[in-house]
Amino acid sequence: MVVRIFAECRARTRKAVLSRGNVLASVVATAAAAVLAAGCATTPAVGAASSPPECTAADLTVTTGVTEAAAGHSSLVLLFTNSSGAPCFTKGYPGVAVRLPGGRVYNAVRTTTGYLGGDAAPSPARIQLAPGVTAAALIEWLHFPQDGSASVTAADCAGAGAVGLLVTAPDQATSTLLAPPGPLSPVCWGFEVHPIGAGSAGE
């Protein structure tokens with residue numbers, strides 16, 4: 001006996017014609033109906049919304065936001081705005097480094113939270129950005145010399161004399177060069193970057 005299944009997932013009622021007492025035909029018909037139903041269930045509906053792609057460096061405009069300082073700690077909010085015409089998502093830690101004279105860099109360490117903020121969630125959240133919407137990440141550091149001396153030098157302040165701040169969106173290779181923290185708040189040590197979160201507060 002040959003059974004042919006036409007895989008057409010359309011909204012019509014199908015009736016199986018079974019011979020009296022033919023158990024095998026009943027089993028085959030049941031299996032065919034199951035396969036057909038499974039095929040229909042996994043076929044996406046026409047016009048269904050798809051998940052947006054990850055934001056690329058070209059999609060995002062990177063700027064700086066609020067700065068704060070307390071008990072020798074300084075922080076700076078990094079803003080990531082979707083400047084493209086389509087939604088996208090971002091997730092994780094941006095790459096952040098202070099650019100020093102001579103091409104050297106001082107990289108921020110990834111941590112979930114720090115003295116001035118961050119996100120204590122077990123893992124970074126996926127942040128969906130509609131066009132024009134902004135997400136943020138917080139960076140922080142200690143702005144006094146690590147050896148406790150009164151003057152800031154390259155020997156006791158890793159980011160002394162910084163000429164720029166390099167910021168790279170998660171999973172991207174192209175960086176944005178921003179102005180470095182001012183001389184009153186040099187990136188001396190304890191340099192950290194926290195995950196990107198929704199909104200513009202960096203928390």
# chains A, B, ... in the order shown; residues from 1 in each chain; ligands from 1

$ residues_around --residues "Trp141 (chain A)" --least-positions-apart "5" --cutoff "8 Å" --atoms "only C-alpha atoms" --output "JSON, numbers by chain"
{"A": [73, 74, 75, 187, 188, 189, 190, 191, 192]}

$ residues_around --residues "Val105 (chain A)" --least-positions-apart "5" --cutoff "12 Å" --atoms "only C-alpha atoms" --output "PDB file with N, CA and C atoms, in the first residue's frame"
ATOM      1  N   GLY A  95      34.336  47.801  24.828  1.00  0.00           N
ATOM      2  CA  GLY A  95      35.769  47.890  25.059  1.00  0.00           C
ATOM      3  C   GLY A  95      36.115  49.339  25.362  1.00  0.00           C
ATOM      4  N   VAL A  96      36.891  49.579  26.411  1.00  0.00           N
ATOM      5  CA  VAL A  96      37.238  50.951  26.808  1.00  0.00           C
ATOM      6  C   VAL A  96      38.720  51.004  27.160  1.00  0.00           C
ATOM      7  N   ALA A  97      39.392  52.017  26.667  1.00  0.00           N
ATOM      8  CA  ALA A  97      40.814  52.191  26.972  1.00  0.00           C
ATOM      9  C   ALA A  97      41.166  53.668  26.927  1.00  0.00           C
ATOM     10  N   VAL A  98      42.085  54.055  27.785  1.00  0.00           N
ATOM     11  CA  VAL A  98      42.647  55.405  27.746  1.00  0.00           C
ATOM     12  C   VAL A  98      43.841  55.381  26.801  1.00  0.00           C
ATOM     13  N   ARG A  99      43.856  56.294  25.856  1.00  0.00           N
ATOM     14  CA  ARG A  99      44.999  56.392  24.934  1.00  0.00           C
ATOM     15  C   ARG A  99      46.034  57.320  25.545  1.00  0.00           C
ATOM     16  N   LEU A 100      47.282  56.853  25.542  1.00  0.00           N
ATOM     17  CA  LEU A 100      48.385  57.600  26.146  1.00  0.00           C
ATOM     18  C   LEU A 100      49.351  58.076  25.074  1.00  0.00           C
ATOM     19  N   ALA A 158      48.498  55.264  36.074  1.00  0.00           N
ATOM     20  CA  ALA A 158      48.621  54.598  34.765  1.00  0.00           C
ATOM     21  C   ALA A 158      48.062  55.417  33.613  1.00  0.00           C
ATOM     22  N   GLY A 159      47.054  56.256  33.894  1.00  0.00           N
ATOM     23  CA  GLY A 159      46.454  57.042  32.816  1.00  0.00           C
ATOM     24  C   GLY A 159      46.888  58.486  32.779  1.00  0.00           C
ATOM     25  N   ALA A 160      47.969  58.818  33.452  1.00  0.00           N
ATOM     26  CA  ALA A 160      48.452  60.205  33.475  1.00  0.00           C
ATOM     27  C   ALA A 160      48.795  60.675  32.068  1.00  0.00           C
ATOM     28  N   GLY A 161      48.377  61.900  31.747  1.00  0.00           N
ATOM     29  CA  GLY A 161      48.694  62.466  30.438  1.00  0.00           C
ATOM     30  C   GLY A 161      47.877  61.896  29.298  1.00  0.00           C
ATOM     31  N   ALA A 162      46.725  61.308  29.592  1.00  0.00           N
ATOM     32  CA  ALA A 162      45.894  60.693  28.553  1.00  0.00           C
ATOM     33  C   ALA A 162      45.531  61.704  27.469  1.00  0.00           C
ATOM     34  N   VAL A 163      45.533  61.230  26.220  1.00  0.00           N
ATOM     35  CA  VAL A 163      45.199  62.102  25.085  1.00  0.00           C
ATOM     36  C   VAL A 163      43.868  61.705  24.439  1.00  0.00           C
ATOM     37  N   GLY A 164      43.250  60.644  24.909  1.00  0.00           N
ATOM     38  CA  GLY A 164      41.980  60.226  24.330  1.00  0.00           C
ATOM     39  C   GLY A 164      41.364  59.072  25.093  1.00  0.00           C
ATOM     40  N   LEU A 165      40.082  58.838  24.812  1.00  0.00           N
ATOM     41  CA  LEU A 165      39.355  57.711  25.392  1.00  0.00           C
ATOM     42  C   LEU A 165      38.783  56.903  24.239  1.00  0.00           C
ATOM     43  N   LEU A 166      39.201  55.654  24.109  1.00  0.00           N
ATOM     44  CA  LEU A 166      38.754  54.782  23.029  1.00  0.00           C
ATOM     45  C   LEU A 166      37.598  53.917  23.517  1.00  0.00           C
ATOM     46  N   VAL A 167      36.483  53.931  22.778  1.00  0.00           N
ATOM     47  CA  VAL A 167      35.304  53.153  23.155  1.00  0.00           C
ATOM     48  C   VAL A 167      34.872  52.305  21.958  1.00  0.00           C
ATOM     49  N   PRO A 180      39.497  62.528  26.717  1.00  0.00           N
ATOM     50  CA  PRO A 180      39.798  61.795  27.952  1.00  0.00           C
ATOM     51  C   PRO A 180      39.265  62.539  29.171  1.00  0.00           C
ATOM     52  N   VAL A 187      42.775  59.015  35.111  1.00  0.00           N
ATOM     53  CA  VAL A 187      42.526  57.582  35.321  1.00  0.00           C
ATOM     54  C   VAL A 187      43.811  56.961  35.875  1.00  0.00           C
TER      55      VAL A 187
END

$ residues_around --residues "Leu79 (chain A)" --least-positions-apart "5" --cutoff "8 Å" --atoms "only C-alpha atoms" --output "PyMOL selection string"
chain A and resi 61-65+134-137+200

$ write_last_selection --atoms "N, CA and C atoms" --output "short mmCIF file (atom, residue, chain, number, x, y, z; two decimals), in the first residue's frame"
data_model
loop_
_atom_site.label_atom_id
_atom_site.label_comp_id
_atom_site.auth_asym_id
_atom_site.auth_seq_id
_atom_site.Cartn_x
_atom_site.Cartn_y
_atom_site.Cartn_z
N THR A 61 26.03 55.81 17.59
CA THR A 61 26.78 57.03 17.87
C THR A 61 27.16 57.00 19.34
N VAL A 62 28.46 57.09 19.62
CA VAL A 62 28.96 56.99 20.99
C VAL A 62 29.34 58.37 21.51
N THR A 63 28.79 58.73 22.65
CA THR A 63 29.08 60.02 23.28
C THR A 63 29.24 59.80 24.79
N THR A 64 29.56 60.85 25.50
CA THR A 64 29.68 60.76 26.95
C THR A 64 28.52 61.47 27.63
N GLY A 65 28.20 61.00 28.85
CA GLY A 65 27.12 61.59 29.62
C GLY A 65 27.61 62.18 30.92
N THR A 134 18.68 55.32 23.19
CA THR A 134 20.02 55.28 23.77
C THR A 134 20.14 54.25 24.88
N ALA A 135 21.27 53.56 24.93
CA ALA A 135 21.64 52.69 26.05
C ALA A 135 22.94 53.26 26.64
N ALA A 136 23.34 52.77 27.81
CA ALA A 136 24.52 53.37 28.46
C ALA A 136 25.32 52.35 29.24
N ALA A 137 26.59 52.64 29.40
CA ALA A 137 27.49 51.84 30.25
C ALA A 137 28.29 52.80 31.11
N SER A 200 19.84 55.94 29.99
CA SER A 200 21.04 56.78 29.85
C SER A 200 21.80 56.99 31.16
#

$ atom_distance --atom1 "CA of Ile196 (chain A)" --atom2 "CA of Gly117 (chain A)"
11.9 Å

$ atom_distance --atom1 "CA of Ser185 (chain A)" --atom2 "CA of Ala150 (chain A)"
13.7 Å

$ atom_distance --atom1 "CA of Gly132 (chain A)" --atom2 "CA of Ala169 (chain A)"
16.3 Å

$ select_by_dssp --residues "region 46-185 of chain A" --states "strand (DSSP E)" --output "MDAnalysis selection string"
chainID A and resid 60:70 73:82 88:91 95:99 105:107 109:110 126:129 134:142 164:168 175:178

$ closest_residue --among "A:Gly92, A:Gly118, A:Gly102, A:Pro124" --to "Ile139 (chain A)" --atoms "only C-alpha atoms"
A:Gly118

$ closest_residue --among "A:Ala71, A:Ala108, A:Val133, A:Ala120" --to "Ser83 (chain A)" --atoms "only C-alpha atoms"
A:Val133
